[in-house]
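Enquirer: Quick one: the structure is below, questions incoming.
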Amino acid sequence: MFLTDLIAFFEMRPTIESKPNALPVPRPIQEGFEFRNVSFYYPGASRLVLKGLNFHLRPGERVALIGENGEGKTTIVKLMTRLYDPVEGQILLDGVGLREYDLEDLYREIGVIFQDYMRYEMTARENIAVGRIEQIHNLELLRRWWFRHINVSGSEC
Ligand SMILES: Nc1ncnc2c1ncn2[C@@H]1O[C@H](COP(=O)(O)OP(=O)(O)OP(=O)(O)O)[C@@H](O)[C@H]1O
Ligand SMILES: [Mg+2]
């Protein structure tokens, strides 16, 4: 019975893709993300989840979004990561529309831990490398990521 779901899943094609000659994502990011008058509803739904949203998130800034269940906090993250595109308005990264950037490159630069996350039986090394799996053998780089992001001392990958 579930095999048909699996086959349907494999046959799905992404609706969001990179433009030809898309730009590389800026490294490092200078100005950050800017939402300009962003409105959004999910495909097939009629209710607006976000309406005319404006904010600027700068590099190094830490922001906590507080709101009731279903108010659209996770949806903002899904739009920043281009899992969906806004229905209206624009999302800019360093002053350039997010749709102008290469999608793979954007995904490579952003890490998200969603609230309904999965924990996999993997080593610390694999967990760190999972976002850029081609670097799994680059222990020097993995160590740097470990110390920068996890901030514990004396651990080995
Ligand atoms: N894939 C989807 N398709 C249709 N509607 C969706 C989808 N995902 C979320 N929604 C709806 O969009 C609205 C915003 O959801 P979202 O997950 O962004 O809220 P949230 O603020 O993160 O909530 P919570 O505090 O529960 O995490 C909700 O009404 C939700 O039911
Ligand atoms: Mg949420």
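In the structure tokens, each chain is lettered A, B, ... as it comes, each chain's residues begin at 1, and ligands are numbered from 1 in order of appearance.
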Neighbouring residues of ligand 2 are defined here as those with any atom at most 12 Å from a ligand atom, counting only C-alpha atoms and all ligand atoms; list them as a PDB file with C-alpha atoms, in the first residue's frame.
Expert:
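For reference, part-v6.pdb as written:
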```pdb
ATOM      1  CA  ALA A  64      13.751  34.956  18.753  1.00  0.00           C
ATOM      2  CA  LEU A  65      10.315  34.938  17.131  1.00  0.00           C
ATOM      3  CA  ILE A  66       7.571  34.645  19.699  1.00  0.00           C
ATOM      4  CA  GLY A  67       3.986  33.948  18.762  1.00  0.00           C
ATOM      5  CA  GLU A  68       1.100  31.586  19.221  1.00  0.00           C
ATOM      6  CA  ASN A  69       0.870  28.210  17.485  1.00  0.00           C
ATOM      7  CA  GLY A  70       0.224  28.548  13.778  1.00  0.00           C
ATOM      8  CA  GLU A  71       1.090  32.248  13.592  1.00  0.00           C
ATOM      9  CA  GLY A  72       3.739  31.670  10.916  1.00  0.00           C
ATOM     10  CA  LYS A  73       7.143  31.532  12.680  1.00  0.00           C
ATOM     11  CA  THR A  74       8.281  28.355  10.924  1.00  0.00           C
ATOM     12  CA  THR A  75       6.835  29.673   7.667  1.00  0.00           C
ATOM     13  CA  ILE A  76       9.229  32.649   7.853  1.00  0.00           C
ATOM     14  CA  VAL A  77      12.144  30.204   8.071  1.00  0.00           C
ATOM     15  CA  LYS A  78      10.771  28.187   5.139  1.00  0.00           C
ATOM     16  CA  ILE A 113      16.877  22.601  12.820  1.00  0.00           C
ATOM     17  CA  PHE A 114      13.109  22.342  12.458  1.00  0.00           C
ATOM     18  CA  GLN A 115      10.984  21.668  15.520  1.00  0.00           C
ATOM     19  CA  ASP A 116       9.934  18.251  14.196  1.00  0.00           C
ATOM     20  CA  TYR A 117      13.545  17.172  13.762  1.00  0.00           C
TER      21      TYR A 117
END
```
Enquirer: From the DSSP assignment of the backbone, select every residue of region 12-140 of chain A that is strand (DSSP E), and format the answer as an mmCIF file with N, CA and C atoms, in the first residue's frame.
Expert:
```
data_model
loop_
_atom_site.group_PDB
_atom_site.id
_atom_site.type_symbol
_atom_site.label_atom_id
_atom_site.label_comp_id
_atom_site.auth_asym_id
_atom_site.auth_seq_id
_atom_site.Cartn_x
_atom_site.Cartn_y
_atom_site.Cartn_z
ATOM 1 N N PHE A 33 19.412 39.419 5.551
ATOM 2 C CA PHE A 33 18.120 39.151 4.899
ATOM 3 C C PHE A 33 17.164 40.305 5.156
ATOM 4 N N GLU A 34 16.420 40.642 4.132
ATOM 5 C CA GLU A 34 15.395 41.671 4.322
ATOM 6 C C GLU A 34 14.068 41.184 3.725
ATOM 7 N N PHE A 35 13.028 41.178 4.519
ATOM 8 C CA PHE A 35 11.674 40.884 4.032
ATOM 9 C C PHE A 35 11.010 42.221 3.709
ATOM 10 N N ARG A 36 10.523 42.363 2.468
ATOM 11 C CA ARG A 36 9.846 43.593 2.067
ATOM 12 C C ARG A 36 8.417 43.287 1.678
ATOM 13 N N ASN A 37 7.536 43.647 2.550
ATOM 14 C CA ASN A 37 6.115 43.530 2.264
ATOM 15 C C ASN A 37 5.712 42.108 1.839
ATOM 16 N N VAL A 38 6.219 41.125 2.586
ATOM 17 C CA VAL A 38 6.040 39.721 2.186
ATOM 18 C C VAL A 38 4.683 39.177 2.658
ATOM 19 N N SER A 39 3.946 38.621 1.697
ATOM 20 C CA SER A 39 2.708 37.914 2.029
ATOM 21 C C SER A 39 2.821 36.494 1.505
ATOM 22 N N PHE A 40 2.173 35.580 2.225
ATOM 23 C CA PHE A 40 2.292 34.172 1.814
ATOM 24 C C PHE A 40 1.083 33.368 2.262
ATOM 25 N N LEU A 50 1.148 34.932 6.202
ATOM 26 C CA LEU A 50 1.899 36.168 6.452
ATOM 27 C C LEU A 50 1.319 37.270 5.580
ATOM 28 N N LYS A 51 1.193 38.454 6.159
ATOM 29 C CA LYS A 51 0.602 39.554 5.397
ATOM 30 C C LYS A 51 1.460 40.798 5.540
ATOM 31 N N GLY A 52 2.071 41.236 4.433
ATOM 32 C CA GLY A 52 2.840 42.486 4.424
ATOM 33 C C GLY A 52 3.938 42.550 5.473
ATOM 34 N N LEU A 53 4.722 41.468 5.562
ATOM 35 C CA LEU A 53 5.747 41.397 6.615
ATOM 36 C C LEU A 53 7.021 42.133 6.199
ATOM 37 N N ASN A 54 7.528 42.982 7.077
ATOM 38 C CA ASN A 54 8.778 43.719 6.835
ATOM 39 C C ASN A 54 9.718 43.521 8.010
ATOM 40 N N PHE A 55 10.939 43.070 7.740
ATOM 41 C CA PHE A 55 11.981 43.093 8.775
ATOM 42 C C PHE A 55 13.343 42.897 8.124
ATOM 43 N N HIS A 56 14.386 43.222 8.884
ATOM 44 C CA HIS A 56 15.761 43.100 8.390
ATOM 45 C C HIS A 56 16.533 42.280 9.418
ATOM 46 N N LEU A 57 17.166 41.206 8.970
ATOM 47 C CA LEU A 57 17.975 40.356 9.847
ATOM 48 C C LEU A 57 19.424 40.483 9.422
ATOM 49 N N GLU A 88 3.529 37.443 -2.468
ATOM 50 C CA GLU A 88 3.676 38.873 -2.740
ATOM 51 C C GLU A 88 4.886 39.404 -1.994
ATOM 52 N N GLY A 89 5.481 40.463 -2.492
ATOM 53 C CA GLY A 89 6.625 41.061 -1.819
ATOM 54 C C GLY A 89 7.923 40.384 -2.223
ATOM 55 N N GLN A 90 8.974 40.713 -1.512
ATOM 56 C CA GLN A 90 10.315 40.283 -1.904
ATOM 57 C C GLN A 90 11.159 39.945 -0.687
ATOM 58 N N ILE A 91 11.997 38.931 -0.855
ATOM 59 C CA ILE A 91 13.002 38.645 0.178
ATOM 60 C C ILE A 91 14.362 38.906 -0.457
ATOM 61 N N LEU A 92 15.141 39.752 0.203
ATOM 62 C CA LEU A 92 16.454 40.118 -0.330
ATOM 63 C C LEU A 92 17.559 39.546 0.551
ATOM 64 N N LEU A 93 18.631 39.142 -0.087
ATOM 65 C CA LEU A 93 19.839 38.777 0.648
ATOM 66 C C LEU A 93 20.946 39.676 0.123
ATOM 67 N N VAL A 96 19.890 41.728 -2.887
ATOM 68 C CA VAL A 96 19.532 41.067 -4.151
ATOM 69 C C VAL A 96 18.427 40.046 -3.858
ATOM 70 N N GLY A 97 17.425 39.973 -4.730
ATOM 71 C CA GLY A 97 16.312 39.049 -4.540
ATOM 72 C C GLY A 97 16.796 37.615 -4.392
#
```
Enquirer: To one decimal place, how far is CA of Arg108 (chain A) from CA of Val25 (chain A) in Å?
Expert: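 Between CA of Arg108 (chain A) and CA of Val25 (chain A) the gap is 9.3 Å.
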Enquirer: Running DSSP on the backbone, which parts of chain A land in alpha helix (DSSP H), as a PyMOL selection string?
Expert: chain A and resi 3-11+73-80+103-109+124-129+139-145
Enquirer: As number ranges by chain, please: the residues near Glu100 (chain A) (cut-off 9 Å, only C-alpha atoms, same-chain neighbours under 2 positions excluded).
Expert: A: 18-19, 21-24, 96-98, 102-103
Enquirer: Please produce an output containing N, CA and C atoms for each residue in the selection, written as a compact mmCIF listing (two decimals), in the first residue's frame.
Expert:
```txt
# COMPACT_ATOMS: atom_id res chain seq x y z
N SER A 18 16.64 26.92 -9.55
CA SER A 18 17.53 28.06 -9.84
C SER A 18 17.26 28.58 -11.24
N LYS A 19 17.43 29.89 -11.39
CA LYS A 19 17.39 30.48 -12.74
C LYS A 19 18.66 30.08 -13.48
N ASN A 21 22.13 30.84 -15.05
CA ASN A 21 23.14 31.85 -14.66
C ASN A 21 22.86 32.49 -13.30
N ALA A 22 22.35 31.68 -12.38
CA ALA A 22 22.05 32.20 -11.04
C ALA A 22 23.34 32.61 -10.34
N LEU A 23 23.20 33.55 -9.39
CA LEU A 23 24.37 34.11 -8.71
C LEU A 23 24.82 33.21 -7.56
N PRO A 24 26.13 33.23 -7.25
CA PRO A 24 26.58 32.54 -6.03
C PRO A 24 26.15 33.34 -4.80
N VAL A 96 19.89 41.73 -2.89
CA VAL A 96 19.53 41.07 -4.15
C VAL A 96 18.43 40.05 -3.86
N GLY A 97 17.43 39.97 -4.73
CA GLY A 97 16.31 39.05 -4.54
C GLY A 97 16.80 37.62 -4.39
N LEU A 98 16.21 36.90 -3.44
CA LEU A 98 16.63 35.52 -3.15
C LEU A 98 16.52 34.62 -4.39
N ASP A 102 21.77 30.98 -6.73
CA ASP A 102 21.76 29.55 -7.00
C ASP A 102 21.20 28.81 -5.77
N LEU A 103 20.23 27.97 -6.03
CA LEU A 103 19.49 27.34 -4.94
C LEU A 103 20.36 26.39 -4.11
```
Enquirer: Of the candidates A:Met1, A:Ile7, A:Val63, A:Leu83, which shows the shortest atom-to-atom distance to ligand 1, using only C-alpha atoms and all ligand atoms?
Expert: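 Of A:Met1, A:Ile7, A:Val63, A:Leu83, the one nearest ligand 1 is A:Leu83, counting only C-alpha atoms and all ligand atoms.
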Enquirer: Residues within 12 Å of region 126-139 of chain A, please, as a ChimeraX atom specification. Count only C-alpha atoms; anything in the same chain fewer than 6 positions from it doesn't count.
Expert: /A:104-113,118-120,145-150,156-157
Enquirer: Choose the residue, out of A:Gln30, A:Thr15, A:Ser46, A:Thr4, that has the smallest atom-to-atom separation from ligand 1; count only C-alpha atoms and all ligand atoms.
Expert: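 Of A:Gln30, A:Thr15, A:Ser46, A:Thr4, the one nearest ligand 1 is A:Ser46, counting only C-alpha atoms and all ligand atoms.
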